[in-house]
Structure formats: C-alpha cells, structure tokens
>>> print(open('input34.txt').read())   # compact mmCIF, C-alpha atoms
# COMPACT_ATOMS: atom_id res chain seq x y z
CA MET T 1 0.00 0.00 0.00
CA THR T 2 1.40 3.36 -1.03
CA TYR T 3 2.09 6.15 1.43
CA LEU T 4 -0.75 8.26 0.00
CA ARG T 5 -3.20 5.37 0.40
CA LEU T 6 -2.00 4.84 3.96
CA VAL T 7 -2.62 8.50 4.69
CA ALA T 8 -6.06 8.33 3.07
CA VAL T 9 -7.02 5.25 5.06
CA ALA T 10 -5.77 6.87 8.25
CA LEU T 11 -7.74 10.04 7.59
CA LEU T 12 -10.84 8.02 6.73
CA ALA T 13 -10.48 5.99 9.90
CA ALA T 14 -10.06 9.18 11.92
CA GLY T 15 -13.22 10.54 10.34
CA PHE T 16 -15.19 7.43 11.24
CA SER T 17 -13.76 7.62 14.75
CA ALA T 18 -14.89 11.22 15.12
CA VAL T 19 -18.37 10.30 13.92
CA ALA T 20 -18.48 7.42 16.37
CA ARG T 21 -17.58 9.72 19.23
CA ALA T 22 -20.21 12.27 18.30
CA GLU T 23 -23.32 12.07 20.49
CA LEU T 24 -26.95 13.07 20.28
CA ILE T 25 -27.50 14.97 23.52
CA THR T 26 -30.99 15.61 24.83
CA LEU T 27 -31.59 18.14 27.60
CA ARG T 28 -34.91 19.04 29.22
CA VAL T 29 -35.07 22.71 30.16
CA GLY T 30 -37.92 24.51 31.85
CA SER T 31 -39.48 26.56 34.62
CA GLY T 32 -42.80 26.97 36.36
CA HIS T 33 -43.02 30.57 35.21
CA PRO T 34 -43.75 31.53 31.60
CA GLY T 35 -41.15 32.88 29.24
CA GLY T 36 -42.06 36.38 28.12
CA ALA T 37 -43.68 37.44 31.39
CA ILE T 38 -40.88 36.64 33.87
CA VAL T 39 -37.37 37.85 33.09
CA TYR T 40 -35.38 34.84 34.31
CA ALA T 41 -37.61 32.45 32.30
CA THR T 42 -37.48 34.76 29.27
CA GLY T 43 -33.70 34.70 29.46
CA MET T 44 -33.73 30.91 29.51
CA ARG T 45 -35.98 30.75 26.47
CA ASP T 46 -34.43 33.58 24.45
CA PHE T 47 -30.74 33.32 25.39
CA LEU T 48 -29.74 30.19 27.30
CA VAL T 49 -31.39 27.63 25.02
CA PRO T 50 -30.46 29.15 21.64
CA GLU T 51 -26.92 29.90 22.82
CA LEU T 52 -26.41 26.30 23.95
CA LYS T 53 -27.66 25.08 20.60
CA ARG T 54 -25.49 27.52 18.68
CA ARG T 55 -22.25 26.91 20.50
CA ILE T 56 -22.54 23.13 20.74
CA GLY T 57 -23.50 22.99 17.07
CA GLU T 58 -20.63 25.22 15.96
CA GLU T 59 -17.87 24.15 18.34
CA THR T 60 -18.37 20.40 18.75
CA ASP T 61 -19.27 17.35 16.70
CA HIS T 62 -22.26 16.66 18.92
CA GLU T 63 -25.91 17.24 18.18
CA LEU T 64 -28.04 18.91 20.83
CA ARG T 65 -31.77 18.45 21.20
CA ILE T 66 -33.54 20.55 23.84
CA ILE T 67 -37.04 19.86 25.11
CA GLU T 68 -38.46 23.05 26.63
CA GLY T 69 -41.25 23.31 29.16
CA TYR T 70 -42.28 26.63 30.68
CA ALA T 71 -45.36 27.89 32.53
CA GLY T 72 -45.64 24.69 34.55
CA SER T 73 -45.89 22.35 31.56
CA ILE T 74 -43.26 20.10 33.16
CA ALA T 75 -43.08 21.41 36.74
CA SER T 76 -44.86 24.17 38.63
CA VAL T 77 -43.08 27.05 40.35
CA ALA T 78 -43.08 25.07 43.60
CA GLU T 79 -41.93 21.82 41.97
CA THR T 80 -38.96 22.88 39.83
CA LEU T 81 -36.30 22.33 42.50
CA GLU T 82 -37.53 18.76 42.93
CA ALA T 83 -37.89 18.26 39.16
CA VAL T 84 -34.20 19.07 38.69
CA GLN T 85 -33.30 16.94 41.70
CA VAL T 86 -34.89 13.77 40.28
CA GLY T 87 -33.86 14.49 36.70
CA LEU T 88 -37.30 15.27 35.28
CA LEU T 89 -35.60 18.49 34.20
CA ASP T 90 -31.90 18.64 33.41
CA ILE T 91 -31.91 22.43 33.72
CA GLY T 92 -34.54 24.31 35.67
CA GLY T 93 -35.17 27.90 36.64
CA TYR T 94 -37.11 28.92 39.73
CA CYS T 95 -37.61 31.52 42.42
CA THR T 96 -36.10 30.53 45.74
CA CYS T 97 -39.14 32.20 47.33
CA PHE T 98 -41.18 29.10 46.53
CA GLU T 99 -38.87 26.92 48.60
CA PRO T 100 -39.12 28.64 52.02
CA ALA T 101 -38.06 25.50 53.90
CA LYS T 102 -35.50 23.85 51.63
CA LEU T 103 -33.83 27.04 50.35
CA PHE T 104 -34.58 29.37 53.24
CA LEU T 105 -31.20 31.10 53.30
CA HIS T 106 -30.99 31.44 49.52
CA ASN T 107 -33.60 34.17 50.02
CA PHE T 108 -31.02 36.43 51.69
CA ALA T 109 -31.81 39.35 49.36
CA TYR T 110 -35.43 39.30 50.55
CA PHE T 111 -34.22 39.48 54.15
CA ALA T 112 -32.77 42.99 53.70
CA PRO T 113 -35.50 45.11 52.04
CA PHE T 114 -34.94 48.56 50.56
CA GLY T 115 -31.69 47.33 49.05
CA PRO T 116 -30.20 47.84 45.56
CA GLN T 117 -32.65 49.47 43.17
CA VAL T 118 -30.89 48.29 40.01
CA GLY T 119 -31.35 44.70 38.87
CA GLU T 120 -27.86 44.38 37.43
CA ASP T 121 -26.38 45.48 40.75
CA GLY T 122 -28.52 42.98 42.64
CA VAL T 123 -27.35 40.04 40.55
CA ARG T 124 -23.70 41.10 40.70
CA LEU T 125 -23.81 41.43 44.49
CA ALA T 126 -25.61 38.11 44.85
CA ARG T 127 -22.82 36.45 42.87
CA GLN T 128 -20.30 37.92 45.31
CA VAL T 129 -22.27 36.45 48.21
CA TYR T 130 -22.21 33.03 46.53
CA GLU T 131 -18.48 33.28 45.99
CA ALA T 132 -17.88 34.34 49.60
CA HIS T 133 -20.05 31.52 50.96
CA PRO T 134 -19.67 28.19 49.11
CA TRP T 135 -22.22 26.80 51.59
CA LEU T 136 -25.01 28.10 49.35
CA GLU T 137 -24.02 26.07 46.33
CA GLY T 138 -22.84 23.21 48.52
CA GLN T 139 -26.30 22.84 50.00
CA LEU T 140 -27.82 22.61 46.55
CA ARG T 141 -25.30 19.94 45.52
CA ASP T 142 -25.34 17.87 48.69
CA ASN T 143 -29.07 17.96 49.42
CA TYR T 144 -30.65 18.36 46.01
CA GLY T 145 -28.13 17.07 43.46
CA GLN T 146 -27.80 20.28 41.46
CA PHE T 147 -25.63 23.34 41.08
CA VAL T 148 -26.20 26.93 40.04
CA LEU T 149 -25.71 27.37 36.33
CA GLY T 150 -26.53 31.07 36.51
CA LEU T 151 -28.08 33.58 38.87
CA SER T 152 -30.88 35.94 37.98
CA GLY T 153 -33.36 37.83 40.14
CA PHE T 154 -36.19 40.32 39.92
CA ASP T 155 -36.42 44.00 39.18
CA ASN T 156 -37.35 46.53 41.84
CA TYR T 157 -40.38 45.63 43.95
CA HIS T 158 -43.22 48.14 44.28
CA LEU T 159 -46.89 47.92 45.25
CA GLY T 160 -49.94 47.79 43.01
CA THR T 161 -53.49 48.06 44.40
CA THR T 162 -57.07 47.96 43.22
CA VAL T 163 -57.91 51.10 45.21
CA PRO T 164 -56.05 54.39 45.67
CA TRP T 165 -54.36 55.19 48.96
CA ASP T 166 -52.82 58.37 50.28
CA SER T 167 -51.28 57.32 53.60
CA VAL T 168 -49.88 54.08 54.94
CA ALA T 169 -52.81 53.99 57.35
CA ASP T 170 -55.11 53.51 54.36
CA LEU T 171 -53.59 50.05 53.84
CA THR T 172 -54.54 48.76 57.29
CA GLY T 173 -56.58 45.59 56.91
CA VAL T 174 -56.16 45.49 53.12
CA LYS T 175 -55.31 42.08 51.66
CA ILE T 176 -52.13 42.15 49.56
CA ALA T 177 -50.60 39.15 47.77
CA GLY T 178 -46.95 38.23 47.43
CA ALA T 179 -44.60 35.30 46.99
CA GLY T 180 -43.64 34.54 50.58
CA PRO T 181 -40.35 35.97 51.89
CA ASN T 182 -41.39 39.50 50.96
CA LEU T 183 -44.78 39.45 52.69
CA PRO T 184 -43.27 40.65 56.02
CA TRP T 185 -42.30 43.88 54.22
CA LEU T 186 -45.98 44.84 54.48
CA ALA T 187 -46.20 44.40 58.24
CA TYR T 188 -45.61 48.09 58.92
CA ALA T 189 -48.67 49.03 56.90
CA GLY T 190 -50.92 46.65 58.81
CA VAL T 191 -51.64 44.79 55.60
CA ILE T 192 -53.16 41.30 55.63
CA PRO T 193 -50.56 39.28 53.68
CA VAL T 194 -51.74 36.61 51.26
CA GLN T 195 -49.47 33.95 49.79
CA SER T 196 -50.31 33.59 46.10
CA ALA T 197 -48.92 32.85 42.66
CA LEU T 198 -48.81 35.14 39.65
CA PRO T 199 -51.20 33.13 37.43
CA ASP T 200 -53.92 33.61 40.06
CA GLY T 201 -53.46 37.36 40.49
CA TYR T 202 -55.62 38.83 37.73
CA MET T 203 -58.77 36.91 38.65
CA ALA T 204 -58.19 37.22 42.39
CA MET T 205 -57.92 41.01 42.22
CA SER T 206 -60.81 41.26 39.77
CA THR T 207 -63.09 39.38 42.18
CA GLY T 208 -61.85 40.97 45.39
CA VAL T 209 -60.11 37.93 46.86
CA TYR T 210 -57.32 40.38 47.61
CA ASN T 211 -56.67 44.00 46.66
CA GLY T 212 -53.09 44.25 45.52
CA TRP T 213 -49.78 42.66 44.64
CA LEU T 214 -46.26 43.31 45.85
CA MET T 215 -44.69 43.14 42.43
CA TYR T 216 -41.93 44.48 40.17
CA PRO T 217 -42.95 46.48 37.06
CA SER T 218 -41.96 44.00 34.35
CA SER T 219 -44.34 41.28 35.52
CA TYR T 220 -46.99 43.64 36.87
CA PHE T 221 -47.50 44.87 33.34
CA ALA T 222 -46.91 41.51 31.63
CA PHE T 223 -49.63 39.83 33.69
CA LYS T 224 -51.94 42.82 33.07
CA PHE T 225 -52.41 43.39 36.77
CA HIS T 226 -52.85 47.09 36.02
CA GLU T 227 -56.30 46.33 34.64
CA PRO T 228 -57.92 45.23 37.93
CA ALA T 229 -55.35 47.11 40.05
CA PRO T 230 -54.36 50.35 38.27
CA TYR T 231 -52.78 52.15 41.26
CA TYR T 232 -49.03 51.47 41.23
CA THR T 233 -46.90 53.07 43.94
CA LEU T 234 -43.12 53.20 43.56
CA ILE T 235 -41.77 52.21 46.97
CA GLY T 236 -38.41 50.70 46.05
CA PHE T 237 -38.27 47.63 48.24
CA GLY T 238 -35.33 46.58 46.09
CA ALA T 239 -34.17 44.36 43.25
CA THR T 240 -33.62 40.89 44.68
CA GLY T 241 -30.55 39.51 42.95
CA GLY T 242 -30.12 35.77 43.33
CA ALA T 243 -33.78 35.23 44.20
CA ALA T 244 -34.16 33.49 40.83
CA ILE T 245 -31.65 30.82 39.92
CA VAL T 246 -31.08 28.42 37.05
CA THR T 247 -29.69 25.09 38.19
CA MET T 248 -28.53 21.90 36.52
CA ASN T 249 -28.75 18.33 37.70
CA VAL T 250 -25.24 17.18 38.63
CA ARG T 251 -25.67 13.72 37.10
CA SER T 252 -26.93 15.24 33.86
CA PHE T 253 -23.89 17.50 33.72
CA GLU T 254 -21.44 14.70 34.45
CA ARG T 255 -22.86 12.60 31.61
CA LEU T 256 -21.98 15.30 29.08
CA PRO T 257 -18.79 15.08 27.00
CA PRO T 258 -16.02 17.32 28.43
CA ASP T 259 -16.19 19.84 25.59
CA VAL T 260 -19.94 20.19 26.08
CA GLN T 261 -19.51 20.58 29.83
CA THR T 262 -17.21 23.54 29.23
CA ILE T 263 -19.72 25.20 26.92
CA VAL T 264 -22.64 24.64 29.30
CA ALA T 265 -20.73 26.22 32.20
CA GLU T 266 -19.68 29.22 30.08
CA VAL T 267 -23.17 29.76 28.69
CA GLY T 268 -24.54 29.64 32.24
CA ARG T 269 -22.35 32.58 33.27
CA ASP T 270 -23.20 34.41 30.03
CA TYR T 271 -26.87 33.87 30.85
CA GLU T 272 -26.31 35.43 34.28
CA ARG T 273 -24.88 38.62 32.77
CA THR T 274 -27.56 38.73 30.08
CA ALA T 275 -30.43 38.16 32.52
CA ALA T 276 -29.08 40.89 34.81
CA ARG T 277 -29.14 43.43 31.98
CA MET T 278 -32.62 42.26 30.97
CA LEU T 279 -33.96 43.02 34.45
CA ASP T 280 -33.33 46.74 34.10
CA GLU T 281 -34.47 46.83 30.48
CA ARG T 282 -37.73 45.09 31.35
CA GLN T 283 -38.26 47.25 34.42
CA ALA T 284 -38.01 50.43 32.34
CA PHE T 285 -40.30 48.93 29.71
CA GLY T 286 -42.79 47.85 32.38
CA LEU T 287 -42.99 51.30 33.94
CA ASP T 288 -43.32 53.04 30.58
CA SER T 289 -46.02 50.58 29.56
CA LEU T 290 -47.95 50.99 32.79
CA ARG T 291 -48.06 54.75 32.30
CA ALA T 292 -49.01 54.40 28.64
CA SER T 293 -51.80 52.00 29.58
CA GLY T 294 -53.42 54.51 31.88
CA ALA T 295 -52.24 53.15 35.22
CA THR T 296 -51.75 55.68 37.99
CA VAL T 297 -48.03 55.56 38.83
CA ARG T 298 -46.78 57.62 41.76
CA THR T 299 -43.72 57.67 44.01
CA LEU T 300 -43.96 57.17 47.77
CA PRO T 301 -42.63 60.23 49.63
CA ASP T 302 -39.08 59.80 50.97
CA ASP T 303 -40.06 60.37 54.59
CA VAL T 304 -42.71 57.63 54.46
CA ARG T 305 -40.23 55.29 52.78
CA ARG T 306 -37.68 55.91 55.54
CA GLU T 307 -40.33 55.24 58.20
CA TRP T 308 -41.30 52.04 56.41
CA ALA T 309 -37.68 50.90 56.30
CA TYR T 310 -37.20 51.78 59.96
CA SER T 311 -40.17 49.62 60.90
CA LEU T 312 -38.32 46.66 59.37
CA ARG T 313 -34.97 47.42 60.98
CA ASN T 314 -34.98 44.13 62.92
CA PHE T 315 -36.18 41.97 60.06
CA PRO T 316 -32.73 41.03 58.66
CA ASN T 317 -31.49 40.01 62.09
CA ASP T 318 -34.65 38.01 62.77
CA MET T 319 -34.24 36.10 59.51
CA ALA T 320 -30.52 35.58 60.09
CA LYS T 321 -31.20 34.11 63.53
CA GLU T 322 -33.97 31.93 62.13
CA ALA T 323 -31.48 30.53 59.61
CA ASP T 324 -28.94 30.01 62.39
CA SER T 325 -31.52 28.01 64.34
CA ARG T 326 -31.91 25.73 61.31
CA GLY T 327 -28.20 24.95 61.27
CA MET T 328 -27.44 27.38 58.45
CA PRO T 329 -24.81 30.16 58.44
CA GLY T 330 -27.53 32.80 58.45
CA SER T 331 -25.80 35.57 60.37
CA GLU T 332 -22.66 35.31 58.25
CA ILE T 333 -24.45 35.33 54.90
CA VAL T 334 -26.96 38.09 55.68
CA GLN T 335 -24.16 40.23 57.13
CA THR T 336 -22.02 39.65 54.04
CA TYR T 337 -24.88 40.73 51.79
CA ILE T 338 -25.51 43.91 53.79
CA ASP T 339 -21.79 44.72 53.82
CA LEU T 340 -21.36 44.15 50.09
CA VAL T 341 -24.32 46.37 49.28
CA THR T 342 -22.90 49.10 51.51
CA GLN T 343 -19.42 48.78 49.97
CA SER T 344 -20.96 49.11 46.49
CA GLY T 345 -21.85 52.70 47.36
CA TYR T 346 -25.56 52.15 47.88
CA GLU T 347 -27.02 54.01 50.88
CA TRP T 348 -29.52 52.01 52.93
CA PRO T 349 -32.42 54.08 54.26
CA VAL T 350 -31.89 52.36 57.64
CA ASP T 351 -28.92 50.73 59.36
CA TYR T 352 -29.42 47.00 59.68
CA GLU T 353 -27.52 45.25 62.45
CA ILE T 354 -26.88 41.53 62.71
CA GLU T 355 -26.18 40.46 66.27
>>> encode(input="input34.txt", output="structure tokens")
Amino acid sequence: MTYLRLVAVALLAAGFSAVARAELITLRVGSGHPGGAIVYATGMRDFLVPELKRRIGEETDHELRIIEGYAGSIASVAETLEAVQVGLLDIGGYCTCFEPAKLFLHNFAYFAPFGPQVGEDGVRLARQVYEAHPWLEGQLRDNYGQFVLGLSGFDNYHLGTTVPWDSVADLTGVKIAGAGPNLPWLAYAGVIPVQSALPDGYMAMSTGVYNGWLMYPSSYFAFKFHEPAPYYTLIGFGATGGAAIVTMNVRSFERLPPDVQTIVAEVGRDYERTAARMLDERQAFGLDSLRASGATVRTLPDDVRREWAYSLRNFPNDMAKEADSRGMPGSEIVQTYIDLVTQSGYEWPVDYEIE
C-alpha cells in the first residue's frame, strides 16, 4: 500500500472515529413561570437555550436536542427544584421564594429590604455572596443534586393596588398578595398578607379575593395586573438579585462530554450577565407601559419610605437568627450581603444590624 493510500485510510479511519464519538444529547429545560412574562424564564428561552444550541452545534461534533417546558408544563413554580433533583428536568429555573423550607437562606436578598434598586447590581452582588459563601451552592449539591448554572433575580419591587391610597394607614386591613419571603415587608402598613402565585393574580384582584400585589414592574404589566389594580406606587423595596436561579442536575452535567460541559458552564455565566441586563431593560419597559396603559403611577414620599424601612430594621437580624436556628450560616451570609451592598456605594435608608 502506497504512502498516500495509507494517509487516506488513516484520515478516513479518523473521520469514522470522530463520527463514532459524536453524540446526540438531549436536555430538558424549563421553569414553572412563563417565558415572556418573567425575566429569568425569558432569558432561559431567548438566550440560554439558543446559545447552547449555537455553541454546541458550531464548536463540537455533537448534536443537541432541547425539550423546553415553561409555565408549569413540566413542573410548577413550587416543583422545579424537585424536578431538577430527580432528573425530570436537566436544567430548571425557579424563584427561591417558593422553597421557604429547603432554600430558606438562599432568600437572603429578601431578608434585607430597601436594598439595591438596580437589577444588574442585585445580581452582581448576589454572585459575590455566593463566591464568599460556598455553603449556598454546597447545600444545593449535597441535598438536592444540582448546582447553580446562573443567577438571575427580579427588578425593583413596588406595590400595586385595586384602590387608591394616600397614607400608609389607608392600607390597614387590606389584603395584599406576594410570593412569601417578601410578605413581612408589608407588616408596617398593617396589611393582611396573602401567599399567592402570579397566574392567580388577575382573577383574584378582579373578584376581590385580595386587593393588591407586591410586584416588580416587568411582571406587573406583563400579567396585566394594572387592569384590575391600576394604582401602582413606587416604593423601592429593592431588586432581589439571586432570588431566581437556574440550576442543573449534577448527574446530567457529568454525563456530558467534556467539551460540552465547558460550553454549558460558560453559557450559564453568560446567561447570568444577560439576565441581569434584561432586568433593568424590562423594568423600564414595564414602567413606561404601565403609564401608557393609563395606570396611575406615583412615588412614595421619601419620609414615608424611611419610616417604612425603619419599621423593618430588625427583620434582617430576625431572619438571620432563624437561619442560624436551622443549622445554616444565616448571620454570616446576611451580614455579608448587607456589607457588600454598603461597599458598592448604595445608601440604605436604615442601618441593619446583625447580632
């Protein structure tokens, strides 16, 4: 056999070998929230999934098939953590607020209200908390078989109501809905807190089940809450970075070829940066759209906001101690978050102290 034929055979064999090593990879990706109405889920649908497909298609010999399931089509908002844990989803996005027992301390941004007003800042600071405290990701790995692929969060929380109000006293006895960890923010106003989920909000406010939602602008407009509840007051409870996370099942990740693992990890961090920018873009769009739709948008006076914050001055410490009592490093993590926010140049309206 001539040298050229030897080379040709070798190249042909190498080609067959490369084909044999190529894999068809199937990943199930989803969230309980709908893409389009919730920023972290929108980022999954519009960036994470297409970017994974693009990069794996262009940079590897593997073929990627992704099965997507949003809006609870695979798992509800309160089931996504478990869906990723058992492998029903390989990649899932969810709000830590819906896991008040299992992921109590992951809600650290909710525990210090009136924090960063910019979504991109909130996500960046949450990432610093994760890096300073590996316990957070370790708990997800050890207890629930998953790791954080990328952090997201929510834009600045404000308050929408079905009826107008001029003073905080007007809210006494009014039923207001929220997602759990943020309901104590309303205690100062004497509000009756109601645990609820976004898909229920429109009908519940239309029929008087409750009279408002503690909600950020992007979703308040997207879910058309301004129709039954057109009075939207800008309070600035804060953008909760890290309150939404996208995680991946550890076993699913370990089954991937090494080159695909690298891409998945990189795309996860790219998603985090993209989702953070989207928060502020969608917040601005939500506020503009609310005004254009005829909603009454007003800003809470600074003195009332300071009083409201002062009424919650013990809340971070209470939550930190509650986490401590559960065997979690609550005081350390909540203190780190408060310190990082302060060091970023943001001025809290009240000084929080962790004992």
>>> closest_atom_pairs(input="input34.txt", of="stretch 94-163 of chain T", to="stretch 271-288 of chain T", cutoff="7 Å", atoms="only C-alpha atoms", output="tab-separated table")
residue	atom	partner	partner_atom	distance
T:Val118	CA	T:Asp280	CA	6.6
T:Gly119	CA	T:Leu279	CA	5.4
T:Glu120	CA	T:Ala276	CA	4.5
T:Val123	CA	T:Ala276	CA	6.1
T:Gly150	CA	T:Glu272	CA	4.9
T:Leu151	CA	T:Glu272	CA	5.3
T:Ser152	CA	T:Glu272	CA	5.9
T:Phe154	CA	T:Leu279	CA	6.5
T:Asp155	CA	T:Leu279	CA	5.4
>>> residues_around(input="input34.txt", residues="T:Trp135", least_positions_apart="4", cutoff="10 Å", atoms="all atoms listed in the file", output="compact mmCIF listing (two decimals) with C-alpha atoms, in the coordinates of the input")
# COMPACT_ATOMS: atom_id res chain seq x y z
CA TYR T 130 -22.21 33.03 46.53
CA GLU T 131 -18.48 33.28 45.99
CA GLN T 139 -26.30 22.84 50.00
CA LEU T 140 -27.82 22.61 46.55
CA ARG T 141 -25.30 19.94 45.52
CA ASP T 142 -25.34 17.87 48.69
CA MET T 328 -27.44 27.38 58.45
CA PRO T 329 -24.81 30.16 58.44
CA ILE T 333 -24.45 35.33 54.90
>>> residues_around(input="input34.txt", residues="T:Ile338", least_positions_apart="2", cutoff="12 Å", atoms="only C-alpha atoms", output="PyMOL selection string")
chain T and resi 108-116+122+125-126+128-129+316-317+320+331-336+340-348+350-354
>>> write_last_selection(input="input34.txt", atoms="C-alpha atoms", output="short mmCIF file (atom, residue, chain, number, x, y, z; two decimals), in the frame of the given file")
data_model
loop_
_atom_site.label_atom_id
_atom_site.label_comp_id
_atom_site.auth_asym_id
_atom_site.auth_seq_id
_atom_site.Cartn_x
_atom_site.Cartn_y
_atom_site.Cartn_z
CA PHE T 108 -31.02 36.43 51.69
CA ALA T 109 -31.81 39.35 49.36
CA TYR T 110 -35.43 39.30 50.55
CA PHE T 111 -34.22 39.48 54.15
CA ALA T 112 -32.77 42.99 53.70
CA PRO T 113 -35.50 45.11 52.04
CA PHE T 114 -34.94 48.56 50.56
CA GLY T 115 -31.69 47.33 49.05
CA PRO T 116 -30.20 47.84 45.56
CA GLY T 122 -28.52 42.98 42.64
CA LEU T 125 -23.81 41.43 44.49
CA ALA T 126 -25.61 38.11 44.85
CA GLN T 128 -20.30 37.92 45.31
CA VAL T 129 -22.27 36.45 48.21
CA PRO T 316 -32.73 41.03 58.66
CA ASN T 317 -31.49 40.01 62.09
CA ALA T 320 -30.52 35.58 60.09
CA SER T 331 -25.80 35.57 60.37
CA GLU T 332 -22.66 35.31 58.25
CA ILE T 333 -24.45 35.33 54.90
CA VAL T 334 -26.96 38.09 55.68
CA GLN T 335 -24.16 40.23 57.13
CA THR T 336 -22.02 39.65 54.04
CA LEU T 340 -21.36 44.15 50.09
CA VAL T 341 -24.32 46.37 49.28
CA THR T 342 -22.90 49.10 51.51
CA GLN T 343 -19.42 48.78 49.97
CA SER T 344 -20.96 49.11 46.49
CA GLY T 345 -21.85 52.70 47.36
CA TYR T 346 -25.56 52.15 47.88
CA GLU T 347 -27.02 54.01 50.88
CA TRP T 348 -29.52 52.01 52.93
CA VAL T 350 -31.89 52.36 57.64
CA ASP T 351 -28.92 50.73 59.36
CA TYR T 352 -29.42 47.00 59.68
CA GLU T 353 -27.52 45.25 62.45
CA ILE T 354 -26.88 41.53 62.71
#
>>> closest_residue(input="input34.txt", among="T:Ala309, T:Leu234, T:Val29, T:Ile263", to="T:Ala71", atoms="all atoms listed in the file")
T:Val29
>>> atom_distance(input="input34.txt", atom1="atom CA of T:Cys97", atom2="atom CA of T:Ala78")
9.0 Å
>>> atom_distance(input="input34.txt", atom1="atom CA of T:Gly160", atom2="atom CA of T:Ala41")
22.4 Å
>>> closest_residue(input="input34.txt", among="T:Ser325, T:Thr240, T:Ser293, T:Ser73", to="T:Thr96", atoms="only C-alpha atoms")
T:Thr240
>>> closest_atom_pairs(input="input34.txt", of="stretch 255-313 of chain T", to="stretch 49-53 of chain T", cutoff="12 Å", atoms="all atoms listed in the file", output="Markdown table")
| residue | atom | partner | partner_atom | distance |
| --- | --- | --- | --- | --- |
| T:Val260 | CA | T:Leu52 | CA | 9.2 |
| T:Gln261 | CA | T:Leu52 | CA | 10.7 |
| T:Thr262 | CA | T:Leu52 | CA | 11.0 |
| T:Ile263 | CA | T:Leu52 | CA | 7.4 |
| T:Val264 | CA | T:Leu52 | CA | 6.8 |
| T:Ala265 | CA | T:Leu52 | CA | 10.0 |
| T:Glu266 | CA | T:Leu52 | CA | 9.6 |
| T:Val267 | CA | T:Leu52 | CA | 6.7 |
| T:Gly268 | CA | T:Leu52 | CA | 9.1 |
| T:Arg269 | CA | T:Glu51 | CA | 11.7 |
| T:Asp270 | CA | T:Glu51 | CA | 9.3 |
| T:Tyr271 | CA | T:Glu51 | CA | 9.0 |
| T:Thr274 | CA | T:Glu51 | CA | 11.4 |
>>> residues_around(input="input34.txt", residues="T:Leu290", least_positions_apart="5", cutoff="9 Å", atoms="all atoms listed in the file", output="ChimeraX atom specification")
/T:217,220-221,226,230,232,285,295-297
>>> residues_around(input="input34.txt", residues="T:Thr161", least_positions_apart="5", cutoff="8 Å", atoms="only C-alpha atoms", output="list in words")
Ile176, Asn211, Gly212, Trp213, Ala229, Pro230, Tyr231 and Tyr232 of chain T
>>> write_last_selection(input="input34.txt", atoms="C-alpha atoms", output="PDB file, in the coordinates of the input")
ATOM      1  CA  ILE T 176     -52.130  42.150  49.560  1.00  0.00           C
ATOM      2  CA  ASN T 211     -56.670  44.000  46.660  1.00  0.00           C
ATOM      3  CA  GLY T 212     -53.090  44.250  45.520  1.00  0.00           C
ATOM      4  CA  TRP T 213     -49.780  42.660  44.640  1.00  0.00           C
ATOM      5  CA  ALA T 229     -55.350  47.110  40.050  1.00  0.00           C
ATOM      6  CA  PRO T 230     -54.360  50.350  38.270  1.00  0.00           C
ATOM      7  CA  TYR T 231     -52.780  52.150  41.260  1.00  0.00           C
ATOM      8  CA  TYR T 232     -49.030  51.470  41.230  1.00  0.00           C
TER       9      TYR T 232
END
>>> atom_distance(input="input34.txt", atom1="atom CA of T:Leu81", atom2="atom CA of T:Ala179")
16.0 Å
>>> closest_residue(input="input34.txt", among="T:Gly138, T:Tyr202, T:Leu159, T:Val246", to="T:Gly30", atoms="only C-alpha atoms")
T:Val246
>>> residues_near_point(input="input34.txt", point="(-45.8, 45.7, 59.5)", cutoff="12 Å", atoms="only C-alpha atoms", output="list in words")
Val168, Ala169, Leu171, Thr172, Gly173, Asn182, Leu183, Pro184, Trp185, Leu186, Ala187, Tyr188, Ala189, Gly190, Val191, Ile192, Pro193, Glu307, Trp308, Ala309, Tyr310, Ser311, Leu312, Arg313, Asn314 and Phe315 of chain T
>>> closest_residue(input="input34.txt", among="T:Trp165, T:Phe223, T:Phe147, T:Tyr210", to="T:Ser252", atoms="all atoms listed in the file")
T:Phe147
>>> closest_residue(input="input34.txt", among="T:Lys175, T:His158, T:Arg54, T:Arg65", to="T:Arg28", atoms="only C-alpha atoms")
T:Arg65
>>> residues_around(input="input34.txt", residues="T:Ala244", least_positions_apart="5", cutoff="6 Å", atoms="all atoms listed in the file", output="PyMOL selection string")
chain T and resi 94-95+152-153
>>> residues_near_point(input="input34.txt", point="(-22.0, 17.6, 18.5)", cutoff="10 Å", atoms="all atoms listed in the file", output="list in words")
Val19, Arg21, Ala22, Glu23, Leu24, Ile25, Lys53, Arg55, Ile56, Gly57, Glu58, Glu59, Thr60, Asp61, His62, Glu63, Leu64, Pro257, Asp259 and Val260 of chain T
>>> closest_residue(input="input34.txt", among="T:Glu322, T:Glu355, T:Glu79, T:Asp46", to="T:Phe104", atoms="all atoms listed in the file")
T:Glu322
>>> decode(input="input34.txt", residues="stretch 247-258 of chain T", atoms="C-alpha atoms", output="mmCIF file, in the first residue's frame")
data_model
loop_
_atom_site.group_PDB
_atom_site.id
_atom_site.type_symbol
_atom_site.label_atom_id
_atom_site.label_comp_id
_atom_site.auth_asym_id
_atom_site.auth_seq_id
_atom_site.Cartn_x
_atom_site.Cartn_y
_atom_site.Cartn_z
ATOM 1 C CA THR T 247 -29.691 25.093 38.190
ATOM 2 C CA MET T 248 -28.535 21.896 36.518
ATOM 3 C CA ASN T 249 -28.754 18.326 37.701
ATOM 4 C CA VAL T 250 -25.238 17.183 38.633
ATOM 5 C CA ARG T 251 -25.666 13.724 37.100
ATOM 6 C CA SER T 252 -26.931 15.239 33.857
ATOM 7 C CA PHE T 253 -23.893 17.505 33.720
ATOM 8 C CA GLU T 254 -21.436 14.699 34.446
ATOM 9 C CA ARG T 255 -22.863 12.602 31.609
ATOM 10 C CA LEU T 256 -21.984 15.298 29.076
ATOM 11 C CA PRO T 257 -18.788 15.084 27.003
ATOM 12 C CA PRO T 258 -16.021 17.321 28.433
#
